[in-house]
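structure_16.cif follows; it contains mmCIF, C-alpha atoms and all ligand atoms.
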data_run
#
loop_
_atom_site.label_atom_id
_atom_site.label_comp_id
_atom_site.auth_asym_id
_atom_site.auth_seq_id
_atom_site.Cartn_x
_atom_site.Cartn_y
_atom_site.Cartn_z
CA MET E 68 0.00 0.00 0.00
CA ASP E 69 1.44 3.37 -1.01
CA ASP E 70 1.73 5.80 1.83
CA LEU E 71 -0.11 9.00 0.98
CA ARG E 72 0.81 10.80 4.19
CA GLN E 73 4.32 11.74 3.23
CA TRP E 74 6.73 11.93 0.31
CA PRO E 75 8.98 8.89 -0.13
CA GLU E 76 12.09 11.09 -0.41
CA PRO E 77 12.89 14.66 0.66
CA VAL E 78 11.50 17.12 -1.88
CA VAL E 79 13.94 19.59 -3.41
CA PRO E 80 12.38 22.65 -5.08
CA VAL E 81 13.58 22.76 -8.68
CA GLN E 82 13.83 26.53 -8.42
CA SER E 83 16.55 26.12 -5.79
CA LEU E 84 18.53 23.88 -8.16
CA SER E 85 18.08 26.26 -11.05
CA ASP E 86 19.05 29.31 -8.99
CA GLY E 87 22.15 27.45 -7.85
CA GLY E 88 23.49 27.73 -11.41
CA LEU E 89 23.90 24.04 -12.23
CA THR E 90 25.37 23.17 -15.60
CA SER E 91 23.94 19.65 -15.64
CA ILE E 92 20.77 18.29 -14.10
CA PRO E 93 20.83 15.75 -11.26
CA GLU E 94 20.33 12.11 -12.25
CA LYS E 95 16.81 11.89 -10.87
CA TYR E 96 15.49 14.33 -13.46
CA VAL E 97 17.03 12.49 -16.41
CA LYS E 98 14.30 10.69 -18.36
CA PRO E 99 14.93 7.41 -20.16
CA PRO E 100 15.67 8.14 -23.86
CA SER E 101 12.16 7.12 -24.99
CA ASP E 102 10.57 9.77 -22.77
CA ARG E 103 12.81 12.67 -23.78
CA PRO E 104 11.47 15.47 -25.97
CA SER E 105 13.08 14.40 -29.22
CA LEU E 106 12.91 16.60 -32.30
CA GLU E 107 11.16 14.25 -34.68
CA ALA E 108 8.38 13.66 -32.18
CA THR E 109 7.60 17.35 -32.10
CA LEU E 110 7.34 18.08 -35.81
CA ASP E 111 5.21 21.09 -36.49
CA ARG E 112 2.99 19.94 -39.33
CA GLY E 113 1.31 23.26 -39.80
CA LEU E 114 -1.59 22.24 -37.59
CA THR E 115 -2.86 24.84 -35.17
CA MET E 116 -5.18 24.34 -32.30
CA PRO E 117 -8.61 25.93 -32.92
CA VAL E 118 -9.09 29.44 -31.52
CA VAL E 119 -12.70 30.25 -30.65
CA ASP E 120 -14.07 33.76 -30.15
CA LEU E 121 -16.67 33.59 -27.38
CA ARG E 122 -18.12 37.04 -27.98
CA GLY E 123 -21.05 35.66 -29.98
CA ILE E 124 -21.92 33.25 -27.19
CA TYR E 125 -21.92 36.01 -24.59
CA ASP E 126 -24.05 38.43 -26.57
CA GLY E 127 -26.31 35.73 -28.02
CA SER E 128 -25.72 36.85 -31.62
CA VAL E 129 -25.91 34.70 -34.75
CA ASP E 130 -22.19 34.02 -34.35
CA SER E 131 -22.92 31.95 -31.30
CA ARG E 132 -23.85 28.90 -33.37
CA ALA E 133 -20.54 29.01 -35.26
CA ALA E 134 -18.60 29.34 -32.01
CA MET E 135 -20.45 26.42 -30.46
CA VAL E 136 -19.84 24.19 -33.47
CA ALA E 137 -16.14 25.13 -33.36
CA ILE E 138 -16.01 24.11 -29.69
CA TRP E 139 -17.81 20.81 -30.27
CA ASP E 140 -15.48 19.94 -33.17
CA ALA E 141 -12.41 20.90 -31.14
CA CYS E 142 -13.50 18.73 -28.19
CA LYS E 143 -13.97 15.76 -30.51
CA GLU E 144 -10.82 16.15 -32.61
CA TRP E 145 -8.33 17.86 -30.34
CA GLY E 146 -9.63 17.77 -26.79
CA PHE E 147 -8.15 21.28 -26.71
CA PHE E 148 -8.96 24.78 -27.97
CA GLN E 149 -8.08 28.38 -27.15
CA VAL E 150 -10.70 30.98 -26.27
CA ILE E 151 -10.55 34.72 -26.83
CA ASN E 152 -13.08 37.29 -25.61
CA HIS E 153 -13.61 34.87 -22.77
CA GLY E 154 -15.09 37.44 -20.40
CA VAL E 155 -12.31 37.50 -17.79
CA ARG E 156 -10.92 41.03 -17.42
CA PRO E 157 -7.40 41.35 -18.90
CA ASP E 158 -6.18 43.36 -15.90
CA LEU E 159 -7.33 40.62 -13.53
CA VAL E 160 -5.45 38.06 -15.63
CA GLU E 161 -2.30 40.18 -15.44
CA GLU E 162 -2.70 40.66 -11.69
CA MET E 163 -3.08 36.91 -11.24
CA LYS E 164 0.17 36.23 -13.08
CA GLY E 165 1.84 39.06 -11.16
CA VAL E 166 0.95 37.90 -7.64
CA TRP E 167 2.06 34.35 -8.34
CA ARG E 168 5.33 35.40 -9.97
CA GLU E 169 5.92 37.44 -6.87
CA PHE E 170 5.14 34.49 -4.62
CA PHE E 171 7.69 32.32 -6.41
CA ARG E 172 10.29 35.08 -6.00
CA ARG E 173 9.93 35.08 -2.22
CA PRO E 174 12.64 33.43 -0.08
CA LEU E 175 12.73 29.65 -0.14
CA ASP E 176 12.11 29.24 3.59
CA GLU E 177 8.95 31.33 3.34
CA LYS E 178 7.64 29.19 0.48
CA GLN E 179 8.55 26.00 2.27
CA ARG E 180 6.29 26.94 5.15
CA TYR E 181 3.53 25.93 2.74
CA ALA E 182 5.22 22.65 1.69
CA ASN E 183 2.58 20.13 0.62
CA SER E 184 2.10 16.43 1.30
CA PRO E 185 0.57 13.75 -0.93
CA ALA E 186 -2.46 13.51 1.40
CA THR E 187 -4.15 16.49 -0.27
CA TYR E 188 -1.40 18.03 -2.40
CA GLU E 189 -2.40 21.47 -1.19
CA GLY E 190 0.44 23.93 -0.94
CA TYR E 191 3.91 24.34 -2.42
CA GLY E 192 5.30 21.24 -4.06
CA SER E 193 7.62 19.76 -6.64
CA ARG E 194 6.40 16.26 -7.30
CA VAL E 195 3.27 14.28 -8.05
CA GLY E 196 3.18 10.61 -7.15
CA VAL E 197 4.72 8.70 -4.27
CA GLU E 198 6.73 6.01 -6.03
CA LYS E 199 10.14 5.88 -4.45
CA GLY E 200 12.94 6.46 -6.94
CA ALA E 201 10.61 7.89 -9.62
CA VAL E 202 12.20 10.12 -12.25
CA LEU E 203 11.08 13.67 -11.41
CA ASP E 204 9.86 16.57 -13.54
CA TRP E 205 11.65 19.91 -13.84
CA GLY E 206 8.96 22.07 -12.24
CA ASP E 207 7.55 23.43 -8.99
CA TYR E 208 3.91 24.22 -8.34
CA TYR E 209 1.41 25.58 -5.88
CA PHE E 210 -1.91 23.77 -5.57
CA LEU E 211 -4.97 25.05 -3.76
CA HIS E 212 -8.71 24.43 -3.48
CA LEU E 213 -11.27 27.14 -4.20
CA LEU E 214 -14.39 25.00 -3.93
CA PRO E 215 -16.07 23.38 -2.10
CA LEU E 216 -15.92 26.04 0.58
CA SER E 217 -15.78 23.32 3.23
CA ILE E 218 -12.21 22.42 2.25
CA LYS E 219 -10.95 25.86 1.26
CA SER E 220 -8.61 27.15 3.91
CA HIS E 221 -6.93 30.53 3.41
CA ASP E 222 -5.11 30.39 6.69
CA ARG E 223 -3.61 26.96 6.34
CA HIS E 224 -2.95 26.64 2.67
CA TRP E 225 -2.90 29.99 0.88
CA PRO E 226 0.23 32.16 0.85
CA ALA E 227 -0.12 35.24 3.03
CA ARG E 228 2.27 37.20 0.84
CA PRO E 229 2.19 39.06 -1.45
CA SER E 230 -0.69 40.61 0.44
CA THR E 231 -3.00 40.83 -2.58
CA LEU E 232 -2.51 37.18 -3.59
CA ARG E 233 -5.55 35.80 -1.79
CA CYS E 234 -8.09 38.30 -3.02
CA VAL E 235 -6.75 38.31 -6.60
CA THR E 236 -6.80 34.50 -6.68
CA GLU E 237 -10.35 34.45 -5.30
CA GLU E 238 -11.60 36.92 -7.87
CA TYR E 239 -9.78 35.23 -10.74
CA GLY E 240 -11.08 31.82 -9.64
CA GLY E 241 -14.64 33.14 -9.46
CA GLU E 242 -14.45 34.57 -12.98
CA VAL E 243 -12.91 31.46 -14.53
CA PHE E 244 -15.50 29.34 -12.72
CA LYS E 245 -18.24 31.34 -14.48
CA LEU E 246 -16.50 30.81 -17.82
CA CYS E 247 -16.45 27.07 -17.13
CA GLY E 248 -20.19 27.19 -16.45
CA VAL E 249 -20.74 28.69 -19.92
CA LEU E 250 -18.45 26.13 -21.56
CA LEU E 251 -20.15 23.26 -19.75
CA ARG E 252 -23.50 24.36 -21.12
CA VAL E 253 -22.07 24.50 -24.64
CA LEU E 254 -20.51 21.05 -24.22
CA SER E 255 -23.78 19.58 -22.91
CA MET E 256 -25.67 20.91 -25.94
CA GLY E 257 -23.07 19.44 -28.29
CA LEU E 258 -23.98 16.00 -26.95
CA GLY E 259 -27.67 16.64 -27.63
CA LEU E 260 -28.29 16.82 -23.88
CA ASP E 261 -29.99 19.58 -21.96
CA GLU E 262 -27.66 22.45 -21.20
CA GLU E 263 -27.49 21.80 -17.47
CA TYR E 264 -26.63 18.13 -17.96
CA LEU E 265 -22.89 18.20 -17.32
CA ARG E 266 -23.16 20.61 -14.41
CA ARG E 267 -25.75 18.34 -12.79
CA ALA E 268 -23.66 15.23 -13.45
CA PHE E 269 -20.77 16.99 -11.68
CA GLY E 270 -22.88 17.32 -8.55
CA GLY E 271 -24.55 20.69 -9.29
CA ASP E 272 -23.75 23.08 -6.49
CA GLY E 273 -21.20 20.58 -5.18
CA THR E 274 -18.89 21.17 -8.16
CA ALA E 275 -15.28 21.57 -7.05
CA SER E 276 -12.49 23.75 -8.34
CA CYS E 277 -8.81 24.12 -7.73
CA VAL E 278 -5.82 25.96 -9.09
CA ARG E 279 -2.34 24.71 -9.86
CA VAL E 280 0.23 27.40 -10.52
CA ASN E 281 3.22 25.90 -12.30
CA LEU E 282 6.70 27.38 -12.31
CA TYR E 283 9.17 25.85 -14.74
CA PRO E 284 12.60 27.26 -13.85
CA LYS E 285 15.38 27.49 -16.43
CA CYS E 286 16.91 24.09 -17.10
CA PRO E 287 20.52 23.60 -18.23
CA GLN E 288 19.72 20.37 -20.15
CA PRO E 289 16.14 20.61 -21.44
CA GLU E 290 16.75 17.81 -23.94
CA LEU E 291 17.10 15.25 -21.12
CA THR E 292 14.00 15.99 -19.07
CA LEU E 293 10.47 17.41 -19.10
CA GLY E 294 8.80 20.25 -17.19
CA LEU E 295 5.73 18.09 -16.73
CA SER E 296 5.38 14.48 -17.92
CA PRO E 297 2.60 13.39 -20.27
CA HIS E 298 -0.78 13.18 -18.57
CA SER E 299 -4.45 13.78 -19.15
CA ASP E 300 -6.15 15.90 -16.51
CA PRO E 301 -8.28 13.78 -14.17
CA GLY E 302 -11.15 16.24 -13.59
CA GLY E 303 -13.78 17.89 -15.76
CA LEU E 304 -12.49 20.88 -17.66
CA THR E 305 -9.16 22.72 -17.43
CA VAL E 306 -8.62 26.40 -18.23
CA LEU E 307 -4.94 27.17 -18.62
CA LEU E 308 -3.40 30.60 -18.54
CA ALA E 309 -0.11 30.05 -20.32
CA ASP E 310 2.86 32.36 -20.49
CA ASP E 311 2.38 34.63 -23.54
CA HIS E 312 6.08 34.73 -24.24
CA VAL E 313 7.50 31.33 -23.36
CA GLU E 314 6.22 28.22 -25.13
CA GLY E 315 6.34 24.85 -23.44
CA LEU E 316 2.99 23.08 -23.61
CA GLN E 317 2.74 20.24 -26.10
CA VAL E 318 -0.41 18.36 -26.99
CA ARG E 319 -0.61 14.93 -28.51
CA LYS E 320 -2.21 15.12 -31.93
CA ASP E 321 -2.43 12.12 -34.24
CA GLY E 322 0.40 10.39 -32.40
CA ALA E 323 2.87 13.33 -32.51
CA TRP E 324 3.60 16.10 -30.02
CA LEU E 325 2.54 19.52 -31.17
CA THR E 326 3.83 22.69 -29.53
CA VAL E 327 1.03 25.08 -28.62
CA ARG E 328 1.46 28.72 -29.64
CA PRO E 329 -0.55 30.64 -27.06
CA VAL E 330 -2.59 33.50 -28.51
CA PRO E 331 -1.92 36.57 -26.32
CA GLY E 332 -4.80 37.13 -23.93
CA ALA E 333 -6.36 33.72 -24.65
CA PHE E 334 -7.01 30.80 -22.35
CA ILE E 335 -6.21 27.26 -23.41
CA VAL E 336 -9.13 25.00 -22.55
CA ASN E 337 -9.01 21.22 -22.42
CA VAL E 338 -11.44 18.41 -21.86
CA ALA E 339 -10.39 16.30 -18.88
CA ASP E 340 -11.11 12.64 -18.09
CA GLN E 341 -14.56 13.02 -16.49
CA ILE E 342 -16.01 14.68 -19.57
CA GLU E 343 -14.53 11.98 -21.77
CA VAL E 344 -16.25 9.44 -19.50
CA ILE E 345 -19.68 11.15 -19.40
CA SER E 346 -19.61 11.77 -23.17
CA ASN E 347 -18.64 8.10 -23.61
CA GLY E 348 -15.56 9.02 -25.59
CA ILE E 349 -17.20 11.59 -27.90
CA TYR E 350 -15.16 14.38 -26.34
CA LYS E 351 -11.48 13.50 -25.85
CA SER E 352 -9.30 14.04 -22.81
CA VAL E 353 -5.95 14.30 -24.52
CA ASP E 354 -2.40 13.73 -23.34
CA HIS E 355 -0.27 16.80 -22.89
CA ARG E 356 3.16 17.60 -21.45
CA VAL E 357 5.50 20.52 -20.87
CA ILE E 358 9.02 20.76 -22.20
CA ALA E 359 11.79 22.43 -20.24
CA ASN E 360 13.68 25.46 -21.46
CA SER E 361 17.26 26.64 -20.98
CA LYS E 362 16.71 30.34 -21.68
CA ASP E 363 13.53 31.36 -19.92
CA GLU E 364 11.55 30.55 -16.84
CA ARG E 365 7.88 29.81 -17.55
CA LEU E 366 4.77 30.36 -15.43
CA SER E 367 1.37 28.82 -16.14
CA ILE E 368 -1.84 28.78 -14.13
CA ALA E 369 -4.20 25.83 -14.50
CA PHE E 370 -7.75 26.14 -13.21
CA PHE E 371 -9.49 22.80 -12.77
CA TYR E 372 -13.28 22.54 -12.80
CA ASN E 373 -14.02 19.18 -11.22
CA PRO E 374 -16.97 17.05 -10.17
CA GLU E 375 -17.92 16.72 -6.55
CA GLY E 376 -15.58 14.07 -5.15
CA ASP E 377 -18.03 11.37 -4.14
CA VAL E 378 -20.56 11.50 -6.98
CA ALA E 379 -20.42 8.43 -9.22
CA ILE E 380 -19.56 9.40 -12.79
CA GLY E 381 -20.20 7.19 -15.80
CA PRO E 382 -21.28 7.47 -19.43
CA ALA E 383 -24.57 9.38 -19.88
CA PRO E 384 -27.28 6.71 -20.38
CA GLU E 385 -28.89 8.98 -23.02
CA LEU E 386 -25.85 8.44 -25.27
CA LEU E 387 -25.83 4.65 -25.10
CA THR E 388 -27.31 2.22 -27.60
CA PRO E 389 -26.66 -1.48 -28.26
CA GLN E 390 -24.17 -0.30 -30.91
CA LEU E 391 -22.64 2.26 -28.54
CA PRO E 392 -22.19 0.48 -25.22
CA PRO E 393 -20.57 2.25 -22.26
CA LEU E 394 -16.80 2.54 -22.70
CA TYR E 395 -16.14 3.26 -19.03
CA PRO E 396 -17.44 2.03 -15.70
CA CYS E 397 -19.05 4.34 -13.15
CA ILE E 398 -16.59 5.48 -10.47
CA THR E 399 -16.26 8.55 -8.26
CA PHE E 400 -13.81 11.33 -9.01
CA ASN E 401 -12.10 10.70 -5.67
CA GLU E 402 -11.38 7.12 -6.70
CA HIS E 403 -10.19 8.24 -10.13
CA ARG E 404 -7.91 10.95 -8.78
CA MET E 405 -6.28 8.59 -6.30
CA TYR E 406 -4.52 6.87 -9.19
CA VAL E 407 -2.72 10.07 -10.23
CA ARG E 408 -1.95 10.97 -6.65
CA LYS E 409 -0.08 7.71 -6.20
CA ARG E 410 1.57 7.25 -9.57
CA GLY E 411 2.08 10.77 -10.81
CA PRO E 412 1.61 11.75 -14.44
CA SER E 413 1.42 8.60 -16.54
CA GLY E 414 -0.16 9.50 -19.85
CA LYS E 415 -3.56 8.00 -20.38
CA SER E 416 -2.70 4.73 -18.69
CA GLN E 417 -5.49 5.05 -16.16
CA MET E 418 -8.17 5.78 -18.75
CA LYS E 419 -6.85 2.83 -20.76
CA SER E 420 -6.99 0.53 -17.76
CA LEU E 421 -10.57 1.57 -17.02
CA LYS E 422 -11.74 1.13 -20.57
CA LEU E 423 -14.35 -1.63 -20.99
CA TYR E 424 -13.85 -2.12 -24.75
C1 LIG K 501 -1.38 20.96 -15.70
C2 LIG K 501 -0.81 21.22 -17.04
C3 LIG K 501 0.37 22.70 -18.53
C4 LIG K 501 1.31 23.85 -18.50
O1 LIG K 501 -1.06 21.74 -14.76
O2 LIG K 501 -2.15 19.98 -15.58
O3 LIG K 501 -1.02 20.44 -17.93
O4 LIG K 501 1.52 24.43 -19.57
N1 LIG K 501 -0.08 22.34 -17.23
O5 LIG K 501 1.84 24.17 -17.45
NI NI K 502 -2.56 19.06 -17.40
#
In structure tokens, how does this file's structure come out?
Ligand code: OGA
Ligand code: NI
Amino acid sequence: MDDLRQWPEPVVPVQSLSDGGLTSIPEKYVKPPSDRPSLEATLDRGLTMPVVDLRGIYDGSVDSRAAMVAIWDACKEWGFFQVINHGVRPDLVEEMKGVWREFFRRPLDEKQRYANSPATYEGYGSRVGVEKGAVLDWGDYYFLHLLPLSIKSHDRHWPARPSTLRCVTEEYGGEVFKLCGVLLRVLSMGLGLDEEYLRRAFGGDGTASCVRVNLYPKCPQPELTLGLSPHSDPGGLTVLLADDHVEGLQVRKDGAWLTVRPVPGAFIVNVADQIEVISNGIYKSVDHRVIANSKDERLSIAFFYNPEGDVAIGPAPELLTPQLPPLYPCITFNEHRMYVRKRGPSGKSQMKSLKLY
């Protein structure tokens, strides 16, 4: 039985290694050759991730149909799309990046007061998974819960400094949560279901949300490691605020890794496992990873819109026919997430192991 109370080895913040001016990375970050970001696996074949303008959806104009169709197609073919005119104020987005950059610049001992454990992952951390001797990723992160309110704890788990961090993160989280509500309605309609379907399946008012702020420090040997190993996100929907200037996210498309070019001011949205399950595979939760970089540090902020932890989630019965049987069993999000919490990022291996056909 894996112990989820503590890390199997002392955790070293990657930022402290990077700031120390290393010229080579320690052994435990060196991936086996097959997992390294090789050039031929990242060919840019001229494909670009769909960019959807949400203005039509917000003002209810005739453009809204085109935007919805673009989202449905993107969720089926890519599992990913970018959104512009998404309704979150640009100055709030900038403030959010600013407070978290500032947090990561604070002294190490201050950050380590918030050091996390694998029991809940909340706080400042540098690894996911509790397998002793695992090869680690070149990144640090801060993870916190916004909803449900019963588990949100400013005092225990949210940085006290910079002083505006808590209120900016609250406001940003509230706005992105609203955006997810809109997207969930669009996704429900694309399945021919009523627009509240997905929200209800997620537990309605019990829907959860959390934020993971990722810091990928400069890496002297980016060709040997990864900032974040391949994974699909376990929850419902993810809204990523990526660095406008530093690329790093790669998405698996038709078997190859494609580097995402973030559109300034856009969010990158992706379908996560629970929506793949409810849609019975119509919408795809796609593998993605982050490559490391020797020249620039990179910051990204992932907002996760998740089902209530103990609601059973399975394929929507309305979508099933004798020709289209359920592809996944019904399990709770808490059970599903436990897999990642023990093993760390491991591609789509969990979804594959759950698959019934
Ligand atoms: C994540 C994630 C991508 C990035 O946090 O789940 O996939 O670009 N992040 O940091
Ligand atoms: Ni992810």
Determine, using all atoms listed in the file, which residues of chain E have any atom at most 7 Å from an atom of ligand NI 502 (chain K), and tabulate each with its shortest atom pair and distance in Å to one decimal place, rows ordered by chain and then rising number, as a Markdown table.
| residue | atom | partner | partner_atom | distance |
| --- | --- | --- | --- | --- |
| E:His298 | CA | K:NI502 | NI | 6.3 |
| E:Ser299 | CA | K:NI502 | NI | 5.9 |
| E:Asp300 | CA | K:NI502 | NI | 4.9 |
| E:His355 | CA | K:NI502 | NI | 6.4 |
Please save C-alpha atoms of the selected residues as a PDB file, keeping the file's coordinate frame.
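Ended up saving to out-v8.pdb:
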ATOM      1  CA  HIS E 298      -0.780  13.180 -18.570  1.00  0.00           C
ATOM      2  CA  SER E 299      -4.450  13.780 -19.150  1.00  0.00           C
ATOM      3  CA  ASP E 300      -6.150  15.900 -16.510  1.00  0.00           C
ATOM      4  CA  HIS E 355      -0.270  16.800 -22.890  1.00  0.00           C
TER       5      HIS E 355
END
Chain E residues near ligand LIG 501 (chain K) within 9 Å, closest pair each, using all atoms listed in the file, as a tab-separated table:
residue	atom	partner	partner_atom	distance
E:Tyr208	CA	K:LIG501	O1	8.5
E:Val278	CA	K:LIG501	O1	8.5
E:Arg279	CA	K:LIG501	O1	5.9
E:Val280	CA	K:LIG501	O1	7.2
E:Asn281	CA	K:LIG501	O5	5.6
E:Leu282	CA	K:LIG501	O5	7.8
E:Tyr283	CA	K:LIG501	O5	8.0
E:Gly294	CA	K:LIG501	O5	8.0
E:Leu295	CA	K:LIG501	N1	7.2
E:Ser296	CA	K:LIG501	O3	8.7
E:Pro297	CA	K:LIG501	O3	8.3
E:His298	CA	K:LIG501	O3	7.3
E:Ser299	CA	K:LIG501	O2	7.5
E:Asp300	CA	K:LIG501	O2	5.8
E:Pro301	CA	K:LIG501	O2	8.8
E:Thr305	CA	K:LIG501	O2	7.8
E:Leu307	CA	K:LIG501	C3	6.9
E:Leu308	CA	K:LIG501	O4	8.0
E:Ala309	CA	K:LIG501	O4	5.9
E:Asp310	CA	K:LIG501	O4	8.1
E:Glu314	CA	K:LIG501	O4	8.2
E:Gly315	CA	K:LIG501	O4	6.2
E:Leu316	CA	K:LIG501	O4	4.5
E:Gln317	CA	K:LIG501	O4	7.9
E:Asp354	CA	K:LIG501	O3	8.7
E:His355	CA	K:LIG501	O3	6.2
E:Arg356	CA	K:LIG501	O3	6.2
E:Val357	CA	K:LIG501	O4	5.7
E:Ile358	CA	K:LIG501	O4	8.8
E:Arg365	CA	K:LIG501	O5	8.3
E:Leu366	CA	K:LIG501	O5	7.1
E:Ser367	CA	K:LIG501	O5	4.9
E:Ile368	CA	K:LIG501	O5	6.8
E:Ala369	CA	K:LIG501	O1	5.2
E:Phe370	CA	K:LIG501	O1	8.2
E:Phe371	CA	K:LIG501	O2	8.4
Contacts of region 250-265 of chain E at 10 Å or less, counting all atoms listed in the file, minus same-chain residues fewer than 6 places along, as a PyMOL selection string?
chain E and resi 121+124+132+134-136+138-140+142+244+271+303-304+336+338+341-342+345-346+349-350+372+374+383+385-386
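Checking E:Glu76, E:Asp340, E:Glu162, E:Glu242 one by one against Gly414 (chain E), counting all atoms listed in the file, you find the shortest gap at E:Asp340.
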Can you list, as a list in words, every protein, DNA or RNA residue that comes within 6 Å of region 181-186 of chain E when you count all atoms listed in the file, leaving out same-chain residues fewer than 6 positions away?
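The filter keeps Leu71, Arg72, Gln73 and Gly192 of chain E.
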Export of the given selection (C-alpha atoms) as a compact mmCIF listing (two decimals), in the frame of the given file:
# COMPACT_ATOMS: atom_id res chain seq x y z
CA LEU E 71 -0.11 9.00 0.98
CA ARG E 72 0.81 10.80 4.19
CA GLN E 73 4.32 11.74 3.23
CA GLY E 192 5.30 21.24 -4.06
